[in-house]
>>> print(open('structure_25.cif').read())   # mmCIF, C-alpha atoms (C1' of nucleotides)
data_run
#
loop_
_atom_site.label_atom_id
_atom_site.label_comp_id
_atom_site.auth_asym_id
_atom_site.auth_seq_id
_atom_site.Cartn_x
_atom_site.Cartn_y
_atom_site.Cartn_z
CA MET W 1 -5.94 29.48 -2.12
CA MET W 2 -7.91 27.03 0.01
CA ASP W 3 -6.31 25.08 2.81
CA GLU W 4 -8.01 21.70 2.77
CA ARG W 5 -6.55 20.75 6.11
CA GLU W 6 -7.91 23.89 7.70
CA THR W 7 -11.35 23.18 6.27
CA ALA W 8 -11.24 19.63 7.61
CA ARG W 9 -10.25 20.95 11.03
CA HIS W 10 -13.18 23.38 11.10
CA LEU W 11 -15.54 20.69 9.88
CA ASN W 12 -14.45 18.33 12.62
CA SER W 13 -14.57 20.89 15.37
CA GLY W 14 -17.82 22.43 14.14
CA ALA W 15 -19.67 19.14 13.95
CA ILE W 16 -18.54 18.23 17.46
CA HIS W 17 -19.61 21.53 18.96
CA VAL W 18 -22.93 21.79 17.16
CA LEU W 19 -23.95 18.33 18.32
CA ARG W 20 -22.73 18.96 21.85
CA ALA W 21 -24.88 22.07 22.03
CA LEU W 22 -27.90 20.26 20.61
CA ARG W 23 -27.58 17.60 23.33
CA ARG W 24 -28.91 20.17 25.75
CA VAL W 25 -31.95 20.85 23.61
CA ASP W 26 -32.71 17.14 23.43
CA ARG W 27 -32.66 16.76 27.19
CA GLN W 28 -35.92 18.70 27.25
CA ALA W 29 -37.55 15.93 25.23
CA GLY W 30 -37.44 13.71 28.34
CA ILE W 31 -35.90 10.94 26.30
CA THR W 32 -32.28 9.98 25.71
CA ALA W 33 -30.39 10.71 22.51
CA ALA W 34 -30.05 7.11 21.34
CA ARG W 35 -33.78 6.49 21.80
CA LEU W 36 -34.73 9.74 20.11
CA SER W 37 -32.49 8.92 17.18
CA ALA W 38 -33.90 5.41 16.75
CA LEU W 39 -37.41 6.81 16.98
CA SER W 40 -36.62 9.34 14.26
CA VAL W 41 -35.74 6.53 11.87
CA LEU W 42 -39.18 5.01 12.42
CA VAL W 43 -41.11 8.28 12.28
CA PHE W 44 -39.42 9.71 9.20
CA GLY W 45 -38.50 6.46 7.45
CA GLY W 46 -41.44 4.25 8.37
CA PRO W 47 -41.57 0.85 10.12
CA CYS W 48 -38.67 -1.57 9.73
CA THR W 49 -37.18 -4.68 11.26
CA MET W 50 -34.87 -4.76 14.27
CA GLY W 51 -31.91 -5.61 12.06
CA ALA W 52 -32.58 -2.75 9.66
CA LEU W 53 -33.03 -0.35 12.56
CA ALA W 54 -29.73 -1.45 14.13
CA ALA W 55 -27.98 -1.01 10.77
CA ALA W 56 -29.56 2.43 10.26
CA GLU W 57 -28.25 3.51 13.64
CA ASP W 58 -24.92 1.76 13.13
CA VAL W 59 -25.09 -0.20 16.37
CA ALA W 60 -24.98 -3.92 17.18
CA GLY W 61 -28.21 -5.90 17.42
CA PRO W 62 -28.36 -6.29 21.20
CA THR W 63 -27.90 -2.56 21.66
CA MET W 64 -30.99 -1.91 19.54
CA THR W 65 -32.93 -4.60 21.37
CA ARG W 66 -32.52 -2.67 24.61
CA ILE W 67 -33.30 0.69 23.05
CA VAL W 68 -36.52 -0.67 21.53
CA ASP W 69 -37.37 -2.37 24.86
CA ALA W 70 -37.28 1.04 26.52
CA LEU W 71 -39.25 2.73 23.72
CA GLU W 72 -41.89 0.01 23.87
CA GLU W 73 -42.10 0.28 27.65
CA ALA W 74 -42.83 4.00 27.14
CA ARG W 75 -45.47 3.15 24.50
CA LEU W 76 -43.57 5.10 21.84
CA VAL W 77 -43.11 2.13 19.50
CA ARG W 78 -44.78 -1.21 18.86
CA ARG W 79 -43.26 -4.61 18.00
CA ARG W 80 -44.94 -7.05 15.62
CA VAL W 81 -43.53 -10.49 14.86
CA LEU W 82 -43.47 -11.25 11.14
CA ALA W 83 -43.51 -14.55 9.31
CA GLY W 84 -40.14 -15.77 8.01
CA ALA W 85 -36.87 -17.36 9.01
CA GLY W 86 -35.61 -16.22 12.42
CA ARG W 87 -38.93 -14.59 13.50
CA PRO W 88 -38.11 -11.13 12.19
CA VAL W 89 -39.75 -8.32 14.13
CA GLU W 90 -41.25 -5.19 12.64
CA VAL W 91 -40.95 -2.08 14.77
CA SER W 92 -43.18 0.94 14.19
CA ALA W 93 -43.82 4.23 15.95
CA THR W 94 -47.09 4.66 17.83
CA ALA W 95 -49.14 7.84 17.53
CA LYS W 96 -47.63 8.94 20.83
CA GLY W 97 -44.12 8.25 19.54
CA ASP W 98 -44.86 10.16 16.38
CA ARG W 99 -46.04 13.21 18.31
CA LEU W 100 -43.08 13.17 20.70
CA MET W 101 -40.62 12.84 17.84
CA ARG W 102 -42.04 15.71 15.83
CA ARG W 103 -42.06 17.98 18.85
CA ALA W 104 -38.43 17.10 19.60
CA ALA W 105 -37.39 17.61 15.98
CA ASP W 106 -39.10 20.99 15.94
CA ARG W 107 -37.28 22.04 19.09
CA ARG W 108 -33.97 21.03 17.56
CA LEU W 109 -34.66 22.89 14.34
CA ASP W 110 -36.00 25.93 16.13
CA ALA W 111 -32.83 26.12 18.21
CA LEU W 112 -30.70 25.86 15.08
CA ILE W 113 -32.72 28.50 13.25
CA THR W 114 -32.46 30.87 16.20
CA ALA W 115 -28.70 30.32 16.32
CA MET W 116 -28.45 30.92 12.58
CA GLY W 117 -30.28 34.17 13.11
CA THR W 118 -27.21 35.60 14.83
CA LEU W 119 -25.15 35.21 11.66
CA SER W 120 -24.70 37.84 8.98
CA ASP W 121 -26.76 37.46 5.80
CA ALA W 122 -23.64 36.48 3.88
CA ASP W 123 -22.71 33.79 6.38
CA ARG W 124 -26.25 32.48 6.42
CA ARG W 125 -26.13 32.19 2.63
CA ARG W 126 -22.80 30.35 2.78
CA LEU W 127 -24.19 27.97 5.37
CA ALA W 128 -27.32 27.30 3.33
CA GLY W 129 -25.18 26.51 0.31
CA ALA W 130 -22.93 24.10 2.20
CA ALA W 131 -25.34 22.34 4.56
CA PRO W 132 -26.61 19.80 2.00
CA ILE W 133 -23.01 18.85 1.21
CA LEU W 134 -22.35 17.56 4.73
CA ASP W 135 -24.33 14.39 4.17
CA ARG W 136 -22.38 13.71 1.01
CA VAL W 137 -19.13 14.03 2.94
CA ALA W 138 -20.46 11.59 5.53
CA ALA W 139 -21.42 9.11 2.82
CA ALA W 140 -17.93 9.39 1.30
CA LEU W 141 -16.39 8.78 4.73
CA LEU W 142 -18.36 5.57 5.13
CA ALA W 143 -17.27 4.39 1.70
CA GLU W 144 -13.55 4.73 2.49
CA MET L 1 -35.36 32.39 -1.49
CA MET L 2 -33.63 30.34 1.16
CA ASP L 3 -35.52 27.88 3.31
CA GLU L 4 -34.01 28.25 6.76
CA ARG L 5 -35.76 25.18 8.03
CA GLU L 6 -34.31 23.08 5.25
CA THR L 7 -30.83 24.37 6.01
CA ALA L 8 -31.29 23.55 9.70
CA ARG L 9 -32.42 20.05 8.77
CA HIS L 10 -29.36 19.47 6.62
CA LEU L 11 -27.09 20.89 9.28
CA ASN L 12 -28.54 18.61 11.92
CA SER L 13 -28.45 15.51 9.79
CA GLY L 14 -25.04 16.30 8.34
CA ALA L 15 -23.40 16.86 11.70
CA ILE L 16 -24.82 13.59 13.00
CA HIS L 17 -23.66 11.57 10.05
CA VAL L 18 -20.20 13.08 9.77
CA LEU L 19 -19.50 12.38 13.43
CA ARG L 20 -20.92 8.90 13.22
CA ALA L 21 -18.63 8.13 10.31
CA LEU L 22 -15.62 9.58 12.11
CA ARG L 23 -16.30 7.30 15.09
CA ARG L 24 -15.03 4.44 12.97
CA VAL L 25 -11.79 6.24 12.22
CA ASP L 26 -11.26 6.91 15.91
CA ARG L 27 -11.63 3.24 16.81
CA GLN L 28 -8.28 2.64 15.12
CA ALA L 29 -6.64 4.83 17.77
CA GLY L 30 -7.21 2.04 20.30
CA ILE L 31 -8.71 4.54 22.72
CA THR L 32 -12.30 5.53 23.38
CA ALA L 33 -13.86 8.73 22.08
CA ALA L 34 -14.24 10.46 25.45
CA ARG L 35 -10.59 9.81 26.34
CA LEU L 36 -9.36 10.91 22.95
CA SER L 37 -11.37 14.10 23.19
CA ALA L 38 -10.07 14.93 26.68
CA LEU L 39 -6.53 14.22 25.53
CA SER L 40 -6.96 16.59 22.60
CA VAL L 41 -7.76 19.43 24.98
CA LEU L 42 -4.45 18.83 26.77
CA VAL L 43 -2.36 18.34 23.63
CA PHE L 44 -3.71 21.29 21.68
CA GLY L 45 -4.60 23.55 24.59
CA GLY L 46 -1.85 22.74 27.07
CA PRO L 47 -2.02 21.52 30.68
CA CYS L 48 -4.99 22.49 32.84
CA THR L 49 -6.76 21.58 36.04
CA MET L 50 -9.33 18.82 36.40
CA GLY L 51 -12.10 21.35 36.74
CA ALA L 52 -11.13 23.23 33.62
CA LEU L 53 -10.83 19.99 31.70
CA ALA L 54 -14.29 18.88 32.80
CA ALA L 55 -15.70 22.27 31.78
CA ALA L 56 -13.96 22.14 28.40
CA GLU L 57 -15.51 18.76 27.75
CA ASP L 58 -18.87 19.80 29.20
CA VAL L 59 -19.06 16.86 31.61
CA ALA L 60 -19.39 16.64 35.40
CA GLY L 61 -16.29 16.45 37.56
CA PRO L 62 -16.50 12.78 38.54
CA THR L 63 -16.82 11.78 34.89
CA MET L 64 -13.53 13.52 34.12
CA THR L 65 -11.86 11.96 37.17
CA ARG L 66 -12.50 8.52 35.71
CA ILE L 67 -11.44 9.47 32.21
CA VAL L 68 -8.16 10.90 33.52
CA ASP L 69 -7.70 7.79 35.70
CA ALA L 70 -7.78 5.68 32.57
CA LEU L 71 -5.49 8.01 30.63
CA GLU L 72 -3.00 8.05 33.49
CA GLU L 73 -3.12 4.28 33.75
CA ALA L 74 -2.18 4.17 30.06
CA ARG L 75 0.64 6.67 30.66
CA LEU L 76 -0.92 9.18 28.26
CA VAL L 77 -1.29 11.95 30.84
CA ARG L 78 0.26 12.92 34.14
CA ARG L 79 -1.31 14.40 37.29
CA ARG L 80 0.46 16.93 39.47
CA VAL L 81 -1.01 18.34 42.68
CA LEU L 82 -0.74 22.11 42.91
CA ALA L 83 -0.66 24.39 45.92
CA GLY L 84 -3.91 26.13 46.75
CA ALA L 85 -7.35 25.65 48.28
CA GLY L 86 -8.89 22.25 47.55
CA ARG L 87 -5.59 20.72 46.30
CA PRO L 88 -6.17 21.53 42.63
CA VAL L 89 -4.62 19.04 40.21
CA GLU L 90 -2.85 19.94 37.00
CA VAL L 91 -3.20 17.40 34.21
CA SER L 92 -0.79 17.35 31.28
CA ALA L 93 -0.19 15.07 28.31
CA THR L 94 2.92 12.88 28.33
CA ALA L 95 5.14 12.54 25.25
CA LYS L 96 3.37 9.25 24.54
CA GLY L 97 -0.03 10.93 24.84
CA ASP L 98 1.08 13.71 22.57
CA ARG L 99 2.23 11.26 19.88
CA LEU L 100 -0.94 9.17 20.08
CA MET L 101 -3.15 12.25 19.88
CA ARG L 102 -1.40 13.72 16.87
CA ARG L 103 -1.55 10.42 15.00
CA ALA L 104 -5.27 10.13 15.76
CA ALA L 105 -5.94 13.73 14.71
CA ASP L 106 -4.06 13.16 11.46
CA ARG L 107 -6.10 10.07 10.73
CA ARG L 108 -9.31 12.01 11.32
CA LEU L 109 -8.26 14.89 9.11
CA ASP L 110 -6.90 12.59 6.41
CA ALA L 111 -10.20 10.73 6.31
CA LEU L 112 -12.09 14.03 5.99
CA ILE L 113 -9.78 15.31 3.28
CA THR L 114 -10.12 12.09 1.32
CA ALA L 115 -13.90 12.33 1.62
CA MET L 116 -13.84 15.95 0.52
CA GLY L 117 -11.84 14.83 -2.50
CA THR L 118 -14.94 13.14 -3.90
CA LEU L 119 -16.76 16.48 -4.11
CA SER L 120 -16.83 18.78 -7.10
CA ASP L 121 -14.56 21.83 -7.01
CA ALA L 122 -17.57 24.08 -6.52
CA ASP L 123 -18.86 22.05 -3.59
CA ARG L 124 -15.43 21.96 -2.02
CA ARG L 125 -15.27 25.74 -2.24
CA ARG L 126 -18.71 26.07 -0.66
CA LEU L 127 -17.68 23.76 2.15
CA ALA L 128 -14.46 25.65 2.76
CA GLY L 129 -16.43 28.88 2.99
CA ALA L 130 -18.96 27.52 5.45
CA ALA L 131 -16.85 25.27 7.69
CA PRO L 132 -15.58 28.07 9.94
CA ILE L 133 -19.15 29.23 10.49
CA LEU L 134 -20.14 25.99 12.21
CA ASP L 135 -18.36 26.86 15.41
CA ARG L 136 -20.12 30.21 15.51
CA VAL L 137 -23.46 28.44 15.19
CA ALA L 138 -22.49 26.16 18.07
CA ALA L 139 -21.51 29.14 20.21
CA ALA L 140 -24.85 30.81 19.45
CA LEU L 141 -26.67 27.60 20.42
CA LEU L 142 -24.97 27.56 23.80
CA ALA L 143 -25.90 31.18 24.38
CA GLU L 144 -29.64 30.56 23.87
"C1'" DC I 1 -5.81 30.18 67.71
"C1'" DG I 2 -9.56 27.51 66.23
"C1'" DG I 3 -13.81 26.43 64.03
"C1'" DA I 4 -16.70 27.52 59.87
"C1'" DG I 5 -16.88 28.05 55.25
"C1'" DT I 6 -14.91 27.64 50.39
"C1'" DT I 7 -12.79 25.32 46.86
"C1'" DT I 8 -11.27 21.20 44.31
"C1'" DC I 9 -11.11 16.79 43.61
"C1'" DT I 10 -12.37 11.90 44.57
"C1'" DT I 11 -15.39 7.97 46.01
"C1'" DA I 12 -19.68 5.48 45.66
"C1'" DG I 13 -23.45 4.04 43.40
"C1'" DC I 14 -26.97 4.36 39.64
"C1'" DA I 15 -28.81 4.36 34.60
"C1'" DA I 16 -27.81 4.07 29.83
"C1'" DG I 17 -25.46 2.57 25.78
"C1'" DG I 18 -21.80 0.20 23.41
"C1'" DC I 19 -19.84 -4.56 22.63
"C1'" DT I 20 -19.25 -10.02 22.04
"C1'" DA I 21 -20.78 -14.76 22.82
"C1'" DG I 22 -24.14 -17.90 23.08
"C1'" DA I 23 -29.17 -19.36 23.28
"C1'" DT I 24 -33.50 -19.61 20.86
"C1'" DA I 25 -36.85 -20.06 17.27
"C1'" DC I 26 -38.01 -20.42 12.69
"C1'" DC I 27 -37.55 -21.63 7.80
"C1'" DT I 28 -35.34 -24.03 3.74
"C1'" DA I 29 -32.71 -27.58 1.47
"C1'" DG I 30 -31.19 -31.95 0.93
"C1'" DC C 1 -35.90 -35.53 9.41
"C1'" DT C 2 -31.74 -33.44 10.03
"C1'" DA C 3 -28.36 -29.58 8.82
"C1'" DG C 4 -27.65 -25.09 8.08
"C1'" DG C 5 -28.84 -20.30 7.74
"C1'" DT C 6 -31.30 -16.13 9.51
"C1'" DA C 7 -33.14 -12.76 12.90
"C1'" DT C 8 -33.67 -11.85 17.40
"C1'" DC C 9 -33.00 -12.06 22.31
"C1'" DT C 10 -30.40 -13.07 26.80
"C1'" DA C 11 -26.38 -12.59 29.62
"C1'" DG C 12 -22.59 -10.29 31.02
"C1'" DC C 13 -18.88 -7.15 30.29
"C1'" DC C 14 -16.89 -2.13 29.96
"C1'" DT C 15 -17.34 2.90 29.38
"C1'" DT C 16 -19.61 7.14 30.23
"C1'" DG C 17 -22.97 10.17 31.95
"C1'" DC C 18 -25.15 11.70 36.41
"C1'" DT C 19 -25.88 13.10 41.64
"C1'" DA C 20 -24.74 12.85 46.49
"C1'" DA C 21 -21.55 12.71 49.82
"C1'" DG C 22 -16.67 12.67 51.66
"C1'" DA C 23 -11.86 14.34 52.16
"C1'" DA C 24 -8.21 17.69 52.07
"C1'" DA C 25 -6.30 22.11 51.92
"C1'" DC C 26 -6.70 26.83 52.31
"C1'" DT C 27 -9.08 31.39 54.14
"C1'" DC C 28 -11.45 34.18 57.21
"C1'" DC C 29 -13.29 35.88 61.25
"C1'" DG C 30 -14.51 35.83 66.04
#
>>> encode(input="structure_25.cif", output="structure tokens")
Amino acid sequence: MMDERETARHLNSGAIHVLRALRRVDRQAGITAARLSALSVLVFGGPCTMGALAAAEDVAGPTMTRIVDALEEARLVRRRVLAGAGRPVEVSATAKGDRLMRRAADRRLDALITAMGTLSDADRRRLAGAAPILDRVAAALLAE
Amino acid sequence: MMDERETARHLNSGAIHVLRALRRVDRQAGITAARLSALSVLVFGGPCTMGALAAAEDVAGPTMTRIVDALEEARLVRRRVLAGAGRPVEVSATAKGDRLMRRAADRRLDALITAMGTLSDADRRRLAGAAPILDRVAAALLAE
DNA sequence: CGGAGTTTCTTAGCAAGGCTAGATACCTAG
DNA sequence: CTAGGTATCTAGCCTTGCTAAGAAACTCCG
């Protein structure tokens, strides 16, 4: 018999600890977590407006303004004012931003793969089967 | 054949999105995430010194001093100076802190359980099998 | 005994990231 | 041409992370 509450507890604790550990890996990127995360939206999802970027990162507009200011200062992204009501702004990754992001993503994934290598084959199989489900749980949480 | 890289990608993305979604649930506690997390160490792990608390939360000492300042101000924890070199301080949760923490934890777990309820039985079983493995992955990441 | 070192925590001051409120610029509708 | 709506930015606040430096209590050794 499954204990749902126990599963939820492990899920909660596991997600916290995995991300905490990955924070260290990201420090080597020489860029903060919020900036790296915003950049990843642009690199893997393509250019978008400030508003869309803020929504994708689930932060308020002004927060994203400052993050993009810093990324632009570092020549990792570019702003381009579009035509339309309210002068919407399109943000896109530069070639430099693209390179930095892919390197950082590789480091993150390499660290995870190395960590997974310490598991038994059976555990690794279980993890592989469950990993894609996590995003569905997150989506269901947002819908509540 | 399993694609390890794909699993790592899902793990990374899933952990990020689950935690991001849970942030919203925590806002209802009327207390910030860092404070709630520190409080949980005290409620579920028992009293400990400032240094141990900082280590458990993986933050520098001064950061924890300020978090505990705020928790004490809100009467959620208590400080007690111990005997010994460097006047060590024992921090413990008050009854009020204990109540608040347990309510917040229940909300978190309830939200997760509700979200898990939208999955198929098979997916729920897969998740239950893999959830306990997450903490082992995190531990392996820290050891790298 | 008394000064040096050790340990633990706090103070001070900085950068970053979260927020809300209000300003600004543009476009559309009437 | 004005009124209203939209998208962004500016200003100013709080929290959280850091490092460097200070304060207090104990320990040790000359």
>>> closest_residue(input="structure_25.cif", among="W:Val41, W:Thr49, W:Asn12, W:Val18", to="chain L", atoms="all atoms listed in the file")
W:Val18
>>> interface_residues(input="structure_25.cif", of="chain L", to="chain C", cutoff="6 Å", atoms="all atoms listed in the file", output="list in words")
Ala85, Gly86 and Arg87 of chain L
>>> closest_atom_pairs(input="structure_25.cif", of="chain I", to="chain L", cutoff="9 Å", atoms="only C-alpha atoms (C1' of nucleotides)", output="JSON lines")
{"residue": "I:DT6", "atom": "C1'", "partner": "L:Ala85", "partner_atom": "CA", "distance": 8.1}
{"residue": "I:DT7", "atom": "C1'", "partner": "L:Gly86", "partner_atom": "CA", "distance": 5.0}
{"residue": "I:DT8", "atom": "C1'", "partner": "L:Gly86", "partner_atom": "CA", "distance": 4.2}
{"residue": "I:DC9", "atom": "C1'", "partner": "L:Pro88", "partner_atom": "CA", "distance": 6.9}
{"residue": "I:DT10", "atom": "C1'", "partner": "L:Pro62", "partner_atom": "CA", "distance": 7.4}
{"residue": "I:DT11", "atom": "C1'", "partner": "L:Pro62", "partner_atom": "CA", "distance": 9.0}
>>> residues_near_point(input="structure_25.cif", point="(-18.0, 19.8, -2.6)", cutoff="12 Å", atoms="only C-alpha atoms (C1' of nucleotides)", output="PyMOL selection string")
(chain W and resi 4+7+129-138+140) or (chain L and resi 112-131)
>>> write_last_selection(input="structure_25.cif", atoms="C-alpha atoms", output="PDB file, in the frame of the given file")
ATOM      1  CA  GLU W   4      -8.010  21.700   2.770  1.00  0.00           C
ATOM      2  CA  THR W   7     -11.350  23.180   6.270  1.00  0.00           C
ATOM      3  CA  GLY W 129     -25.180  26.510   0.310  1.00  0.00           C
ATOM      4  CA  ALA W 130     -22.930  24.100   2.200  1.00  0.00           C
ATOM      5  CA  ALA W 131     -25.340  22.340   4.560  1.00  0.00           C
ATOM      6  CA  PRO W 132     -26.610  19.800   2.000  1.00  0.00           C
ATOM      7  CA  ILE W 133     -23.010  18.850   1.210  1.00  0.00           C
ATOM      8  CA  LEU W 134     -22.350  17.560   4.730  1.00  0.00           C
ATOM      9  CA  ASP W 135     -24.330  14.390   4.170  1.00  0.00           C
ATOM     10  CA  ARG W 136     -22.380  13.710   1.010  1.00  0.00           C
ATOM     11  CA  VAL W 137     -19.130  14.030   2.940  1.00  0.00           C
ATOM     12  CA  ALA W 138     -20.460  11.590   5.530  1.00  0.00           C
ATOM     13  CA  ALA W 140     -17.930   9.390   1.300  1.00  0.00           C
TER      14      ALA W 140
ATOM     15  CA  LEU L 112     -12.090  14.030   5.990  1.00  0.00           C
ATOM     16  CA  ILE L 113      -9.780  15.310   3.280  1.00  0.00           C
ATOM     17  CA  THR L 114     -10.120  12.090   1.320  1.00  0.00           C
ATOM     18  CA  ALA L 115     -13.900  12.330   1.620  1.00  0.00           C
ATOM     19  CA  MET L 116     -13.840  15.950   0.520  1.00  0.00           C
ATOM     20  CA  GLY L 117     -11.840  14.830  -2.500  1.00  0.00           C
ATOM     21  CA  THR L 118     -14.940  13.140  -3.900  1.00  0.00           C
ATOM     22  CA  LEU L 119     -16.760  16.480  -4.110  1.00  0.00           C
ATOM     23  CA  SER L 120     -16.830  18.780  -7.100  1.00  0.00           C
ATOM     24  CA  ASP L 121     -14.560  21.830  -7.010  1.00  0.00           C
ATOM     25  CA  ALA L 122     -17.570  24.080  -6.520  1.00  0.00           C
ATOM     26  CA  ASP L 123     -18.860  22.050  -3.590  1.00  0.00           C
ATOM     27  CA  ARG L 124     -15.430  21.960  -2.020  1.00  0.00           C
ATOM     28  CA  ARG L 125     -15.270  25.740  -2.240  1.00  0.00           C
ATOM     29  CA  ARG L 126     -18.710  26.070  -0.660  1.00  0.00           C
ATOM     30  CA  LEU L 127     -17.680  23.760   2.150  1.00  0.00           C
ATOM     31  CA  ALA L 128     -14.460  25.650   2.760  1.00  0.00           C
ATOM     32  CA  GLY L 129     -16.430  28.880   2.990  1.00  0.00           C
ATOM     33  CA  ALA L 130     -18.960  27.520   5.450  1.00  0.00           C
ATOM     34  CA  ALA L 131     -16.850  25.270   7.690  1.00  0.00           C
TER      35      ALA L 131
END
>>> calpha_fit_rmsd(input="structure_25.cif", fixed="chain L", moving="chain W")
0.2 Å
>>> atom_distance(input="structure_25.cif", atom1="atom CA of L:Leu82", atom2="atom CA of L:Ile67")
19.7 Å
>>> resolve_selection(input="structure_25.cif", expression="the PyMOL selection byres ((chain W and resi 78) around 7)", output="VMD selection string")
chain W and resid 72 77 79 to 80 91 to 94
>>> closest_residue(input="structure_25.cif", among="W:Val81, W:Ser37, W:Arg27, W:Ala95", to="chain L", atoms="all atoms listed in the file")
W:Ser37
>>> closest_residue(input="structure_25.cif", among="W:Ala29, W:Ala56, W:Ala83, W:Met64", to="chain L", atoms="only C-alpha atoms")
W:Ala56
>>> residues_around(input="structure_25.cif", residues="W:Asp98", least_positions_apart="5", cutoff="12 Å", atoms="all atoms listed in the file", output="count of residues only")
21
>>> closest_residue(input="structure_25.cif", among="W:Ala74, W:Ala60, W:Val25, W:Ala8", to="chain L", atoms="all atoms listed in the file")
W:Ala8
>>> closest_residue(input="structure_25.cif", among="W:Met101, W:Ala70, W:Glu57, W:Cys48", to="chain L", atoms="all atoms listed in the file")
W:Glu57
>>> closest_residue(input="structure_25.cif", among="W:Arg102, W:Leu53, W:Thr32, W:Asp58", to="chain L", atoms="all atoms listed in the file")
W:Asp58
>>> atom_distance(input="structure_25.cif", atom1="atom CA of L:Arg24", atom2="atom CA of W:Ala111")
28.5 Å
>>> atom_distance(input="structure_25.cif", atom1="atom CA of W:Thr63", atom2="atom C1' of I:DC19")
8.4 Å
